Structures are given as C-alpha cells and as structure tokens.
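Here is the file work-v8.csv (CSV, C-alpha atoms).
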```
chain,number,residue,atom,x,y,z
A,28,MET,CA,-123.6,129.3,-120.4
A,29,SER,CA,-122.2,127.4,-117.4
A,30,ALA,CA,-121.3,123.8,-117.4
A,31,ARG,CA,-121.0,121.2,-114.7
A,32,LEU,CA,-118.6,118.3,-115.0
A,33,ALA,CA,-118.3,115.4,-112.6
A,34,TYR,CA,-115.2,113.4,-111.7
A,35,LEU,CA,-115.8,109.9,-110.4
A,36,SER,CA,-113.5,109.5,-107.5
A,37,PRO,CA,-112.4,106.2,-106.0
A,38,ARG,CA,-111.3,108.1,-102.9
A,39,ARG,CA,-113.6,110.0,-100.7
A,40,GLY,CA,-112.9,113.7,-100.3
A,41,ARG,CA,-110.4,114.0,-103.1
A,42,ARG,CA,-110.7,116.7,-105.7
A,43,ALA,CA,-110.4,116.0,-109.4
A,44,PRO,CA,-106.7,116.1,-110.3
A,45,PHE,CA,-107.6,118.6,-113.1
A,46,ASP,CA,-110.1,120.9,-111.5
A,47,ASP,CA,-107.9,123.9,-111.9
A,48,LEU,CA,-107.7,123.4,-115.7
A,49,ALA,CA,-111.4,123.7,-116.4
A,50,PRO,CA,-112.5,126.4,-118.8
A,51,PRO,CA,-114.4,129.6,-117.5
A,52,HIS,CA,-117.9,129.1,-116.2
A,53,THR,CA,-117.3,125.4,-115.7
A,54,THR,CA,-117.3,123.7,-112.4
A,55,VAL,CA,-115.8,120.3,-111.7
A,56,GLU,CA,-117.3,118.3,-108.9
A,57,SER,CA,-115.8,115.2,-107.4
A,58,VAL,CA,-118.3,112.4,-106.8
A,59,HIS,CA,-117.4,109.4,-104.9
A,60,GLU,CA,-117.9,106.2,-106.8
A,61,ALA,CA,-120.3,104.8,-104.2
A,62,ASP,CA,-122.5,107.9,-104.6
A,63,LEU,CA,-122.9,108.0,-108.4
A,64,ALA,CA,-126.5,106.8,-108.3
A,65,THR,CA,-127.4,109.7,-106.0
A,66,LEU,CA,-126.5,112.2,-108.7
A,67,PRO,CA,-129.4,113.1,-110.9
A,68,PRO,CA,-128.4,111.6,-114.4
A,69,ASP,CA,-129.1,115.0,-116.0
A,70,ALA,CA,-127.2,117.1,-113.5
A,71,CYS,CA,-123.9,117.1,-115.3
A,72,GLN,CA,-122.8,117.6,-118.9
A,73,ALA,CA,-120.0,115.1,-118.5
A,74,LEU,CA,-118.7,112.4,-116.2
A,75,LEU,CA,-115.0,111.7,-116.2
A,76,VAL,CA,-114.0,108.3,-115.0
A,77,PRO,CA,-110.4,107.5,-114.0
A,78,MET,CA,-108.6,104.2,-114.3
A,79,HIS,CA,-108.5,103.2,-110.6
A,80,ILE,CA,-112.3,102.9,-110.0
A,81,ASP,CA,-114.2,99.8,-109.0
A,82,GLN,CA,-115.4,99.0,-112.4
A,83,ARG,CA,-117.6,96.2,-111.2
A,84,ARG,CA,-119.5,98.7,-109.1
A,85,PHE,CA,-119.6,101.2,-112.0
A,86,ALA,CA,-121.1,98.6,-114.3
A,87,GLY,CA,-123.7,97.9,-111.6
A,88,ASN,CA,-124.9,101.4,-112.3
A,89,ALA,CA,-125.8,100.5,-115.9
A,90,ALA,CA,-129.3,101.9,-115.6
A,91,TRP,CA,-128.0,105.2,-114.3
A,92,ILE,CA,-125.4,105.3,-117.1
A,93,ASP,CA,-128.1,104.7,-119.7
A,94,ALA,CA,-130.2,107.5,-118.2
A,95,PHE,CA,-127.1,109.8,-118.3
A,96,PHE,CA,-126.6,109.1,-122.0
A,97,ARG,CA,-130.2,109.6,-122.8
A,98,ALA,CA,-130.0,113.0,-121.1
A,99,GLY,CA,-127.2,113.8,-123.6
A,100,GLY,CA,-124.3,113.3,-121.2
A,101,THR,CA,-120.7,112.8,-122.2
A,102,LEU,CA,-118.8,110.0,-120.6
A,103,VAL,CA,-115.0,110.0,-120.6
A,104,PHE,CA,-113.8,106.5,-119.6
A,105,ASN,CA,-110.1,105.8,-118.9
A,106,GLY,CA,-108.7,102.4,-118.3
A,107,LEU,CA,-108.8,98.8,-119.4
A,108,LEU,CA,-112.4,97.8,-119.6
A,109,ALA,CA,-113.0,94.7,-117.5
A,110,TYR,CA,-116.7,95.1,-116.7
A,111,PRO,CA,-118.6,96.4,-119.8
A,112,PHE,CA,-121.4,98.8,-118.8
A,113,ARG,CA,-123.3,98.6,-122.0
A,114,PRO,CA,-124.1,95.6,-124.3
A,115,GLU,CA,-122.2,97.1,-127.2
A,116,LEU,CA,-118.9,97.2,-125.2
A,117,ARG,CA,-116.4,94.4,-124.8
A,118,ILE,CA,-113.5,93.9,-122.5
A,119,PHE,CA,-110.0,95.1,-123.1
A,120,GLU,CA,-107.7,93.4,-125.6
A,121,PRO,CA,-104.0,93.7,-124.8
A,122,ILE,CA,-101.4,93.8,-127.5
A,123,GLN,CA,-99.6,90.5,-127.2
A,124,ARG,CA,-95.9,91.0,-126.3
A,125,PRO,CA,-95.7,94.5,-127.5
A,126,GLY,CA,-92.4,95.7,-128.9
A,127,LEU,CA,-91.6,99.4,-128.8
A,128,SER,CA,-93.0,100.0,-132.3
A,129,ALA,CA,-96.4,98.6,-131.2
A,130,LEU,CA,-96.6,101.2,-128.4
A,131,HIS,CA,-96.2,104.2,-130.7
A,132,VAL,CA,-99.3,106.4,-130.5
A,133,ALA,CA,-100.9,108.0,-133.6
A,134,VAL,CA,-103.7,110.5,-133.1
A,135,ASP,CA,-106.2,112.3,-135.2
A,136,GLN,CA,-105.4,116.0,-134.5
A,137,SER,CA,-108.6,117.1,-136.1
A,138,HIS,CA,-110.4,116.0,-133.0
A,139,PRO,CA,-110.7,118.9,-130.6
A,140,VAL,CA,-109.3,117.0,-127.7
A,141,TRP,CA,-106.1,116.1,-129.5
A,142,HIS,CA,-105.7,119.3,-131.5
A,143,GLY,CA,-102.1,120.3,-131.6
A,144,VAL,CA,-100.9,117.4,-129.5
A,145,ASP,CA,-97.8,115.7,-130.9
A,146,ALA,CA,-98.3,112.0,-130.8
A,147,ALA,CA,-94.6,111.5,-129.9
A,148,ASP,CA,-95.3,113.4,-126.6
A,149,LEU,CA,-98.0,110.8,-125.8
A,150,THR,CA,-95.8,107.9,-126.8
A,151,PHE,CA,-92.9,108.8,-124.7
A,152,ARG,CA,-92.6,110.2,-121.2
A,153,ARG,CA,-88.9,110.9,-120.4
A,154,GLY,CA,-88.1,108.4,-123.2
A,155,VAL,CA,-90.3,105.6,-121.8
A,156,ALA,CA,-93.2,104.2,-123.9
A,157,GLY,CA,-96.3,102.4,-122.7
A,158,PHE,CA,-98.0,104.8,-120.4
A,159,TYR,CA,-100.5,105.9,-122.9
A,160,GLY,CA,-101.9,102.5,-123.8
A,161,ARG,CA,-101.1,98.9,-124.4
A,162,GLY,CA,-104.2,97.7,-126.1
A,163,ALA,CA,-107.8,98.6,-126.9
A,164,ASN,CA,-111.3,98.5,-125.5
A,165,PRO,CA,-112.9,97.3,-128.8
A,166,PRO,CA,-115.0,100.0,-130.4
A,167,PRO,CA,-118.6,99.5,-131.2
A,168,GLU,CA,-119.7,99.8,-134.8
A,169,GLY,CA,-119.8,103.4,-135.9
A,170,ALA,CA,-117.3,104.7,-133.4
A,171,ARG,CA,-114.8,107.3,-134.7
A,172,ILE,CA,-111.3,106.1,-134.1
A,173,VAL,CA,-109.2,108.9,-132.8
A,174,GLY,CA,-106.0,107.3,-131.4
A,175,THR,CA,-104.3,104.1,-132.4
A,176,LEU,CA,-101.3,102.0,-131.5
A,177,ALA,CA,-99.4,99.4,-133.5
A,178,ARG,CA,-99.4,101.4,-136.8
A,179,GLY,CA,-103.1,102.0,-136.8
A,180,ARG,CA,-104.2,98.5,-135.8
A,181,VAL,CA,-105.2,99.0,-132.2
A,182,PRO,CA,-107.9,101.6,-131.5
A,183,VAL,CA,-106.8,102.9,-128.1
A,184,ASP,CA,-109.0,106.0,-128.3
A,185,TRP,CA,-112.5,106.4,-129.9
A,186,GLU,CA,-115.5,108.5,-129.7
A,187,TRP,CA,-119.0,107.0,-130.0
A,188,ALA,CA,-122.4,108.6,-130.5
A,189,VAL,CA,-124.4,106.4,-128.2
A,190,PRO,CA,-127.7,105.2,-129.7
A,191,GLY,CA,-130.4,107.2,-128.0
A,192,GLY,CA,-128.2,110.1,-127.0
A,193,GLY,CA,-125.0,111.1,-125.4
A,194,ARG,CA,-121.4,110.3,-126.3
A,195,LEU,CA,-118.7,108.1,-125.0
A,196,LEU,CA,-115.0,109.0,-125.3
A,197,MET,CA,-113.0,105.8,-124.6
A,198,HIS,CA,-109.3,105.8,-123.7
A,199,ALA,CA,-107.9,102.3,-123.0
A,200,GLY,CA,-104.9,103.4,-120.9
A,201,ASN,CA,-103.7,105.5,-118.0
A,202,ASP,CA,-105.7,108.6,-117.3
A,203,LEU,CA,-105.6,111.1,-120.1
A,204,TRP,CA,-104.9,113.9,-117.6
A,205,MET,CA,-101.6,112.3,-116.5
A,206,TYR,CA,-100.0,114.6,-119.1
A,207,ALA,CA,-101.5,117.7,-117.6
A,208,ARG,CA,-98.3,118.9,-115.9
A,209,ASP,CA,-95.9,117.7,-118.6
A,210,ASP,CA,-93.7,120.2,-120.3
A,211,THR,CA,-94.7,119.1,-123.8
A,212,SER,CA,-97.5,119.6,-126.3
A,213,ALA,CA,-99.4,116.8,-124.5
A,214,ALA,CA,-100.2,119.2,-121.6
A,215,ALA,CA,-102.8,120.8,-123.9
A,216,LEU,CA,-104.8,117.6,-123.9
A,217,THR,CA,-106.4,118.0,-120.5
A,218,PRO,CA,-107.8,121.6,-120.9
A,219,GLN,CA,-109.0,120.7,-124.4
A,220,LEU,CA,-110.7,117.6,-123.0
A,221,LEU,CA,-112.5,119.7,-120.4
A,222,SER,CA,-113.5,122.3,-122.9
A,223,TRP,CA,-114.8,119.6,-125.2
A,224,CYS,CA,-116.8,118.1,-122.3
A,225,ALA,CA,-118.2,121.5,-121.3
A,226,HIS,CA,-119.0,122.9,-124.8
A,227,GLY,CA,-119.8,119.7,-126.6
A,228,ARG,CA,-123.2,118.8,-127.9
A,229,ALA,CA,-125.8,120.6,-125.9
A,230,ARG,CA,-127.9,118.3,-123.8
A,231,ASP,CA,-131.2,119.3,-125.4
A,232,ALA,CA,-129.8,118.5,-128.8
A,233,ALA,CA,-129.4,114.8,-127.9
B,97,MET,CA,-92.6,76.2,-88.2
B,98,THR,CA,-95.3,77.0,-90.7
B,99,ALA,CA,-98.4,75.0,-90.3
B,100,THR,CA,-99.5,73.4,-93.5
B,101,ILE,CA,-102.5,75.1,-95.0
B,102,VAL,CA,-103.1,72.5,-97.7
B,103,GLY,CA,-106.8,71.8,-97.8
B,104,THR,CA,-107.8,75.0,-96.1
B,105,ARG,CA,-109.0,78.2,-97.7
B,106,LEU,CA,-107.0,80.9,-99.4
B,107,THR,CA,-109.1,83.9,-100.1
B,108,VAL,CA,-108.0,86.8,-102.3
B,109,LEU,CA,-109.9,90.0,-102.1
B,110,ASP,CA,-111.0,91.7,-105.3
B,111,GLY,CA,-111.5,95.4,-105.4
B,112,GLY,CA,-113.4,95.4,-108.7
B,113,THR,CA,-110.7,97.3,-110.6
B,114,SER,CA,-109.6,96.3,-114.0
B,115,TYR,CA,-106.2,95.1,-112.9
B,116,HIS,CA,-107.7,93.0,-110.1
B,117,ALA,CA,-110.0,91.5,-112.7
B,118,PHE,CA,-107.3,90.7,-115.2
B,119,ALA,CA,-104.6,89.6,-112.7
B,120,ILE,CA,-106.7,87.5,-110.3
B,121,GLY,CA,-108.7,86.2,-113.3
B,122,ASP,CA,-105.5,85.2,-115.2
B,123,ASP,CA,-105.8,81.4,-115.5
B,124,SER,CA,-102.1,81.2,-116.6
B,125,LEU,CA,-101.1,81.9,-112.9
B,126,GLY,CA,-102.6,78.5,-112.0
B,127,ARG,CA,-105.1,77.6,-109.4
B,128,TRP,CA,-103.5,79.4,-106.5
B,129,TYR,CA,-106.5,80.5,-104.5
B,130,ASP,CA,-109.7,78.9,-103.3
B,131,ARG,CA,-111.9,81.9,-103.3
B,132,ARG,CA,-112.0,85.3,-105.0
B,133,LEU,CA,-114.1,87.6,-102.8
B,134,TYR,CA,-115.4,90.9,-104.1
B,135,VAL,CA,-114.9,93.5,-101.3
B,136,GLU,CA,-118.6,94.4,-101.2
B,137,ALA,CA,-119.3,90.8,-100.1
B,138,ALA,CA,-116.4,90.6,-97.6
B,139,ASP,CA,-117.5,90.4,-94.0
B,140,ALA,CA,-116.4,88.4,-90.9
B,141,ASP,CA,-118.5,85.4,-91.9
B,142,ALA,CA,-117.0,85.3,-95.4
B,143,LEU,CA,-113.4,85.4,-94.0
B,144,ALA,CA,-114.0,83.1,-91.0
B,145,ASP,CA,-112.7,79.9,-92.6
B,146,SER,CA,-109.7,81.5,-94.5
B,147,ALA,CA,-106.3,80.4,-93.4
B,148,VAL,CA,-104.8,82.9,-95.7
B,149,VAL,CA,-106.3,86.2,-96.8
B,150,VAL,CA,-104.6,88.2,-99.6
B,151,VAL,CA,-105.0,92.0,-99.9
B,152,PRO,CA,-103.8,92.6,-103.5
B,153,CYS,CA,-102.0,95.8,-104.3
B,154,ARG,CA,-104.0,98.9,-104.8
B,155,LEU,CA,-107.1,97.6,-103.1
B,156,ASN,CA,-108.9,100.8,-102.2
B,157,PRO,CA,-107.2,102.1,-99.0
B,158,ASP,CA,-110.5,103.8,-97.9
B,159,TRP,CA,-112.2,100.4,-97.9
B,160,LEU,CA,-109.3,98.8,-96.0
B,161,ALA,CA,-109.4,101.6,-93.4
B,162,ALA,CA,-113.1,101.1,-92.9
B,163,HIS,CA,-112.8,97.3,-92.6
B,164,ALA,CA,-109.5,97.1,-90.8
B,165,ASP,CA,-111.0,95.0,-88.0
B,166,LEU,CA,-111.9,92.2,-90.5
B,167,LEU,CA,-108.2,91.9,-91.5
B,168,ILE,CA,-106.6,92.4,-88.2
B,169,ASP,CA,-108.8,89.6,-86.9
B,170,VAL,CA,-107.2,87.3,-89.4
B,171,LEU,CA,-103.8,87.9,-87.6
B,172,ARG,CA,-105.3,87.9,-84.1
B,173,ARG,CA,-106.8,84.4,-84.6
B,174,GLY,CA,-103.5,83.0,-85.9
B,175,ASP,CA,-104.1,83.0,-89.6
B,176,THR,CA,-102.0,84.6,-92.4
B,177,LEU,CA,-102.6,88.0,-93.9
B,178,VAL,CA,-100.8,89.1,-97.1
B,179,VAL,CA,-100.8,92.8,-97.7
B,180,MET,CA,-99.4,94.2,-100.9
B,181,GLY,CA,-98.3,97.6,-102.2
B,182,GLU,CA,-100.2,100.9,-102.4
B,183,THR,CA,-102.8,99.9,-99.9
B,184,GLU,CA,-101.7,102.5,-97.2
B,185,PRO,CA,-101.3,99.9,-94.4
B,186,GLU,CA,-99.8,102.5,-92.2
B,187,ARG,CA,-103.4,103.9,-92.0
B,188,TRP,CA,-105.1,100.7,-90.9
B,189,LEU,CA,-102.7,98.1,-89.8
B,190,PRO,CA,-101.1,98.7,-86.3
B,191,ASP,CA,-97.3,99.1,-86.4
B,192,ALA,CA,-97.1,99.0,-90.2
B,193,ASP,CA,-94.4,101.7,-90.4
B,194,GLN,CA,-94.0,102.6,-94.1
B,195,THR,CA,-91.7,105.3,-95.4
B,196,PRO,CA,-92.9,106.2,-98.9
B,197,VAL,CA,-90.3,106.9,-101.5
B,198,PRO,CA,-90.8,108.8,-104.8
B,199,THR,CA,-91.4,106.3,-107.5
B,200,ASN,CA,-88.5,106.1,-109.9
B,201,PHE,CA,-90.0,104.9,-113.2
B,202,TRP,CA,-86.9,105.8,-115.0
B,203,TRP,CA,-83.9,104.4,-113.1
B,204,TRP,CA,-83.1,101.8,-115.8
B,205,LEU,CA,-82.6,104.4,-118.5
B,206,ASP,CA,-79.1,104.9,-117.0
B,207,PRO,CA,-77.2,101.7,-117.9
B,208,GLU,CA,-75.0,102.2,-114.8
B,209,ALA,CA,-78.0,102.5,-112.5
B,210,GLU,CA,-79.5,99.9,-110.2
B,211,LEU,CA,-82.8,100.1,-108.4
B,212,GLY,CA,-80.9,99.0,-105.2
B,213,LEU,CA,-83.1,96.3,-103.9
B,214,THR,CA,-81.1,93.4,-102.5
B,215,VAL,CA,-81.8,89.9,-101.1
B,216,GLY,CA,-82.6,89.9,-97.4
B,217,ALA,CA,-83.2,86.4,-96.0
B,218,ALA,CA,-81.5,84.3,-98.7
B,219,THR,CA,-82.9,81.1,-97.4
B,220,HIS,CA,-86.5,82.3,-97.4
B,221,GLY,CA,-88.9,79.8,-99.1
B,222,LEU,CA,-90.1,82.4,-101.6
B,223,TYR,CA,-86.7,82.4,-103.3
B,224,ARG,CA,-87.4,78.8,-104.5
B,225,TYR,CA,-90.2,80.3,-106.5
B,226,LEU,CA,-88.7,83.5,-107.8
B,227,SER,CA,-85.4,85.4,-107.9
B,228,LEU,CA,-84.5,88.9,-106.8
B,229,ALA,CA,-84.5,90.0,-110.5
B,230,ASP,CA,-88.2,89.3,-110.6
B,231,ALA,CA,-88.8,91.9,-107.9
B,232,ILE,CA,-87.0,94.6,-109.8
B,233,TRP,CA,-89.3,97.1,-111.5
B,234,HIS,CA,-89.8,100.0,-109.0
B,235,TYR,CA,-91.1,100.3,-105.5
B,236,HIS,CA,-93.2,102.8,-103.7
B,237,GLY,CA,-92.0,102.6,-100.1
B,238,HIS,CA,-90.2,100.5,-97.5
B,239,PHE,CA,-91.2,99.2,-94.0
B,240,GLN,CA,-89.4,99.0,-90.7
B,241,VAL,CA,-88.7,95.3,-89.9
B,242,PRO,CA,-90.3,94.6,-86.4
B,243,PRO,CA,-88.2,92.6,-83.9
B,244,GLY,CA,-88.3,88.9,-84.8
B,245,ALA,CA,-89.6,89.5,-88.3
B,246,VAL,CA,-87.6,88.8,-91.4
B,247,SER,CA,-86.8,91.0,-94.4
B,248,VAL,CA,-87.1,89.0,-97.6
B,249,ILE,CA,-86.1,91.9,-99.9
B,250,ASP,CA,-84.1,94.8,-98.5
B,251,ALA,CA,-84.5,98.4,-99.6
B,252,PRO,CA,-81.4,100.5,-100.2
B,253,GLU,CA,-82.6,103.1,-97.8
B,254,GLY,CA,-82.8,100.6,-95.0
B,255,GLY,CA,-85.9,98.7,-94.1
B,256,SER,CA,-87.6,96.2,-96.3
B,257,VAL,CA,-90.0,96.0,-99.3
B,258,LEU,CA,-91.1,92.5,-98.3
B,259,VAL,CA,-91.4,91.6,-94.6
B,260,ASP,CA,-92.3,88.2,-93.3
B,261,ASP,CA,-93.5,88.7,-89.7
B,262,ARG,CA,-94.3,85.7,-87.6
B,263,ALA,CA,-93.4,87.5,-84.4
B,264,SER,CA,-95.7,90.4,-83.9
B,265,TRP,CA,-99.1,88.6,-84.1
B,266,PRO,CA,-100.5,85.2,-83.2
B,267,GLY,CA,-100.8,84.8,-87.0
B,268,ARG,CA,-98.3,85.6,-89.8
B,269,LEU,CA,-98.1,88.9,-91.7
B,270,LEU,CA,-96.5,89.3,-95.1
B,271,LEU,CA,-96.2,92.9,-95.9
B,272,THR,CA,-94.9,94.3,-99.2
B,273,SER,CA,-94.7,97.6,-100.9
B,274,LEU,CA,-94.5,95.9,-104.3
B,275,ASP,CA,-97.5,96.1,-106.6
B,276,PRO,CA,-97.3,93.1,-109.0
B,277,PHE,CA,-101.1,92.5,-109.3
B,278,TYR,CA,-101.5,96.1,-110.6
B,279,HIS,CA,-98.7,95.8,-113.2
B,280,HIS,CA,-99.5,92.3,-114.3
B,281,GLY,CA,-103.2,93.2,-114.6
B,282,SER,CA,-102.3,96.3,-116.5
B,283,PHE,CA,-100.1,94.4,-119.0
B,284,PHE,CA,-97.3,96.8,-118.1
B,285,MET,CA,-94.2,95.3,-116.5
B,286,PRO,CA,-92.7,91.9,-117.4
B,287,ALA,CA,-90.8,91.6,-114.2
B,288,ALA,CA,-93.9,92.2,-112.1
B,289,SER,CA,-95.6,89.3,-114.1
B,290,ARG,CA,-92.7,87.0,-113.3
B,291,PHE,CA,-92.8,88.0,-109.6
B,292,LEU,CA,-96.6,87.4,-109.4
B,293,ARG,CA,-96.2,84.0,-111.1
B,294,GLY,CA,-93.7,82.9,-108.5
B,295,PHE,CA,-95.5,84.6,-105.6
B,296,CYS,CA,-98.9,83.0,-106.4
B,297,ARG,CA,-97.3,79.6,-106.9
B,298,TRP,CA,-95.7,80.0,-103.4
B,299,LEU,CA,-99.0,81.0,-101.9
B,300,GLY,CA,-100.8,78.2,-103.6
B,301,ASP,CA,-98.3,75.7,-102.3
B,302,GLY,CA,-99.0,76.9,-98.8
B,303,LEU,CA,-96.1,79.4,-98.3
B,304,PRO,CA,-93.5,76.7,-97.7
B,305,ASP,CA,-90.3,77.6,-95.9
```
Could I get this file's structure written as structure tokens?
Amino acid sequence: MSARLAYLSPRRGRRAPFDDLAPPHTTVESVHEADLATLPPDACQALLVPMHIDQRRFAGNAAWIDAFFRAGGTLVFNGLLAYPFRPELRIFEPIQRPGLSALHVAVDQSHPVWHGVDAADLTFRRGVAGFYGRGANPPPEGARIVGTLARGRVPVDWEWAVPGGGRLLMHAGNDLWMYARDDTSAAALTPQLLSWCAHGRARDAA
Amino acid sequence: MTATIVGTRLTVLDGGTSYHAFAIGDDSLGRWYDRRLYVEAADADALADSAVVVVPCRLNPDWLAAHADLLIDVLRRGDTLVVMGETEPERWLPDADQTPVPTNFWWWLDPEAELGLTVGAATHGLYRYLSLADAIWHYHGHFQVPPGAVSVIDAPEGGSVLVDDRASWPGRLLLTSLDPFYHHGSFFMPAASRFLRGFCRWLGDGLPD
C-alpha cells in the first residue's frame, strides 16, 4: 500500500524539510499554501502544517479542511493557533511568565509518534528549554492528551478524532520535525510521525 | 530633520502568521499604528496615504519579492519604510546588502560570552525608548551601511543590525535584521519583547530624533 503525504509550504518551490525520512512506499509532496484548495481533499492521507504558514489564509480554507477530515485525512498542525479553522478549536494560551520547570515536557510514550522519545531530549536542546512549546492550543472535549508542560497542566500535544472522520494531531510549538537531525532520542520523532501519518487509520475506515 | 508624522497614517503589514497575530494584536504595546493591513489586501491604493509602512519580521519573503514595487514606492515618494529581520530584503530592496550570520541561540550559556552587538549612533532617538540590552537576544545577519546612513546598532563583524538611512532615497528607510515581532508573538524571548515595546512606542510617537 502506498501513501501520499502533503507538506503545506509557506515558500514556493521548497521541499518538505523531512521528505527524506518518509517510510517506504510513501511520497511527500510540497504544496504551496496558496494552492491548498486546488488539491482534491481526498488526494492525501495526511497534511503536515508548519508553524510559519499564513494561518489566516489556512483558516479561510475551512470548507476544504472539513472535506479533508470527512475523507479520513490526518492533519498535523504545528504552531500557536491564532486563527481557529474549526468551531471546536480555540486560540493559543501561553504559560504566563514560564519558569524553567514550566517548560519541562512530559510525553505519553505509548503514542506511536513519541514511542521511545525521552522527554528530556524534547525539553532541552543544547541545554536550552522552550523550543518545544510555551503554552497550549486548548484541546476539544474528547481529545487524547499526549504531551504536556508545567507538570501536566498544559496540553501542548493532543490527538483528536474529528467528529465525522479524520484526526487532528496538534502541537502548540515549533515544528515537531525540528529535532529530526538531533543526535538524541528526539530524532526518532519525525520518522515515527511520518509512519503514523502513512499507516494510520485507513481512509475508508473513517 | 524628520518631518512630523503625527496625524498621518502608520500602517503595519500583517502576514497572517500566528506571531503577527499575537504581536501586532498585543494591546499592551499601546496604540502605535493606525492600520493593520493583511497582505492579501495590500495594494497601492491601500498604502497611498501611509506616511510610515512597517514590514514586520518574517513577513513572507516571497510575497515581498512579488510586491517589491509597492514598498519601494513608499521610499520613492518620500515616506518611511521600516523593514525588519528575516524578510530577505536583499532579494527585493535595491542596495540592501545583507550578510547572513549563523544564528547563535546558545551564546549566553557561556558566562564569559557576549553577543557582540554595540551601540552605533548613541544620540539616535530610538535610545530614548530602549537600551542596547533590549536588542540582545540573537541576530540573523548584518547590513552594509550606505554612505550618509547611520548605524543604530553595530554588529561585531562590521556592518549594522539596525540602519537608519535618510540618504539613499527621497524617503527614510529603517532596516534591521532583528526579529522582535516573531519572538514577542511566539512568547519566546523577554529581551525581544522589551525591544518591541520601545520600538513600537518610538514609531507611534513619530520616530522622533
């Protein structure tokens, strides 16, 4: 079975920064953010959205996004949500004046994307904390919380089975694939994310 | 010297990113602009009455390259253009000569280390609104200072991370490689927030000398 993943690029002509890490029989296509609506909503299993997109424009594609979910698509959204693209979503809530302890990441390693990833390797890059996340995009009811900050109080990562089909993986921070070239357990996150996108719930099971 | 711009329009462009939303929309920065203009609505008519146009950091360089004439026209007609970091002005703004530097996120882990930025023109009006310490987080490049222009903040490599150029164009160009909107709007760098607070207050006051 082959899978097709799409990376939503804010820059024209740029490849996905992780397209060499996709599992076998999986293609990663870069789609410019202005061209999203030209893509058939059922053409790809997953859409991976980076933090630097024009979120206002993305939210303007709400009907397309809804059709994508109804076709069983997986949306991976990175960044601080400023323009909710579904009625269940709310804008980013920062941790107020975070101290170092509030920036400590905890993850549920039973989730296939975070399997074997040591949370300390997400918290610190060369000893500096804060890259992973500094707050949360509030989860809708029924979402599975996968990653937290501030001793479990701030849901920085969650997965949500979207009513009507599809799934949304939310990460309220810098792009998850920023760790892809790190020399730590966090490097596993990106290939696991792509595998999860490619081999997740089949479209026709939605 | 600087014409007063009180009562005229200051427009800030908005690229629709999360950090533009949170930084430009931050009421705690005060009422420093007259109009927030989403890039999809930005055309010559929309910018015609602006005495100051601000291109915030990390506004999509592809958009800027495709709409360079709009912004260059601001300078040609004698108005003020503010261009901030990570917008690749060397691609779309004539004579913007930027040397990128590898971003050092980690310099402060060594207690002996300094980022190396220093005060350029000490009497520049911006320094009544912020201090050099507020500009110290990291930087992404430095610019050649054109003849007649002033470096407000010098880079250790030579060149400037904040150039005030009233010589090259009929208008005034403020060009910086710093990216405070991005960091403030990403809740990720207290110095950048202090810089932005002072910088926006200075803009709102009409860029006084």
Checklist entry - Near segment 125-137 of chain A, counting only C-alpha atoms, which residues have an atom at most 6 Å away, once you skip same-chain residues fewer than 6 positions from it, shown as a list in words? => result Ala146, Thr150, Gly157, Val173, Gly174, Thr175, Leu176 and Ala177 of chain A
Can you check which parts of chain B lie within 10 Å of chain A? Per residue, the shortest pair of atoms and distance in Å to one decimal, counting all atoms listed in the file, sorted by chain and number, as CSV.
```
residue,atom,partner,partner_atom,distance
B:Asp110,CA,A:Asp81,CA,9.5
B:Gly111,CA,A:Asp81,CA,6.3
B:Gly112,CA,A:Asp81,CA,4.5
B:Thr113,CA,A:Asp81,CA,4.6
B:Ser114,CA,A:Ala109,CA,5.1
B:Tyr115,CA,A:Leu107,CA,7.9
B:His116,CA,A:Ala109,CA,9.3
B:Ala117,CA,A:Ala109,CA,6.5
B:Phe118,CA,A:Ala109,CA,7.3
B:Tyr134,CA,A:Arg83,CA,9.1
B:Val135,CA,A:Asp81,CA,10.0
B:Glu136,CA,A:Arg84,CA,9.0
B:Arg154,CA,A:His79,CA,8.5
B:Leu155,CA,A:His79,CA,9.5
B:Asn156,CA,A:Pro37,CA,7.5
B:Pro157,CA,A:Arg38,CA,8.2
B:Asp158,CA,A:Arg38,CA,6.6
B:Trp159,CA,A:Arg38,CA,9.2
B:Phe201,CA,A:Val155,CA,8.6
B:Trp202,CA,A:Val155,CA,7.6
B:Leu205,CA,A:Gly154,CA,8.3
B:Tyr278,CA,A:His79,CA,10.0
B:Gly281,CA,A:Leu107,CA,9.3
B:Ser282,CA,A:Leu107,CA,7.5
B:Phe283,CA,A:Pro121,CA,7.0
B:Phe284,CA,A:Gly157,CA,7.3
B:Met285,CA,A:Gly157,CA,9.7
B:Pro286,CA,A:Arg124,CA,9.5
```
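In this structure, atom CA of Ala188 of chain A sits 7.9 Å away from atom CA of Gly169 of chain A.
Pairwise distance (atom CA of Val259 of chain B, atom CA of Asp122 of chain B) equals 25.8 Å.
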Next on the checklist: I want to know what sits within 9 Å of Arg41 of chain A, based on only C-alpha atoms, with residues of the same chain fewer than 5 positions away left out; could you give that as a PyMOL selection string?
Outcome noted: chain A and resi 36+57-59
Item to check | Spatial neighbours of Pro196 of chain B, max dist 7 Å, only C-alpha atoms, sep filter under 3 positions, as a ChimeraX atom specification | outcome: /B:236-238
Keeping C-alpha atoms, export the residues of the selection given above as a CSV table (one decimal), in the coordinates of the input.
```csv
chain,number,residue,atom,x,y,z
B,236,HIS,CA,-93.2,102.8,-103.7
B,237,GLY,CA,-92.0,102.6,-100.1
B,238,HIS,CA,-90.2,100.5,-97.5
```
Around all the atoms of segment 195-198 of chain A listed in the file, draw an axis-aligned box and extend it by 4 Å on each of the six sides; I want its centre and edge lengths in Å to one decimal, as AutoDock Vina command-line options.
```
--center_x -114.0 --center_y 107.4 --center_z -124.5 --size_x 17.4 --size_y 11.2 --size_z 9.6
```
Item to check | Surrounding residues of Asp169 of chain B excluding itself and chain neighbours under 6 positions, 10 Å, all atoms listed in the file, as a list of chain:residue names | outcome: B:Ala140, B:Leu143, B:Ala144, B:Asp175, B:Leu177, B:Gly267
Next on the checklist: What's around Leu133 of chain B at 12 Å? Count all atoms listed in the file, leave out sequence neighbours fewer than 2 positions away in its own chain, and write the answer as a PyMOL selection string.
Outcome noted: chain B and resi 105-112+116-117+120-121+129-131+135-139+141-143+146+149-152
Next on the checklist: To one decimal place in Å, what is the distance between atom CA of His226 of chain A and atom CA of Ala49 of chain A?
Outcome noted: 11.4 Å
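Among the candidates A:Arg194, A:Trp187, A:Pro114, A:Gly143, the residue lying nearest to Arg97 of chain A is A:Arg194 (atoms considered: all atoms listed in the file).
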Item to check | Of the listed residues B:Leu274, B:Gly300, B:Asp145, B:Gly294, that which approaches Arg224 of chain B most closely, counting all atoms listed in the file | outcome: B:Gly294
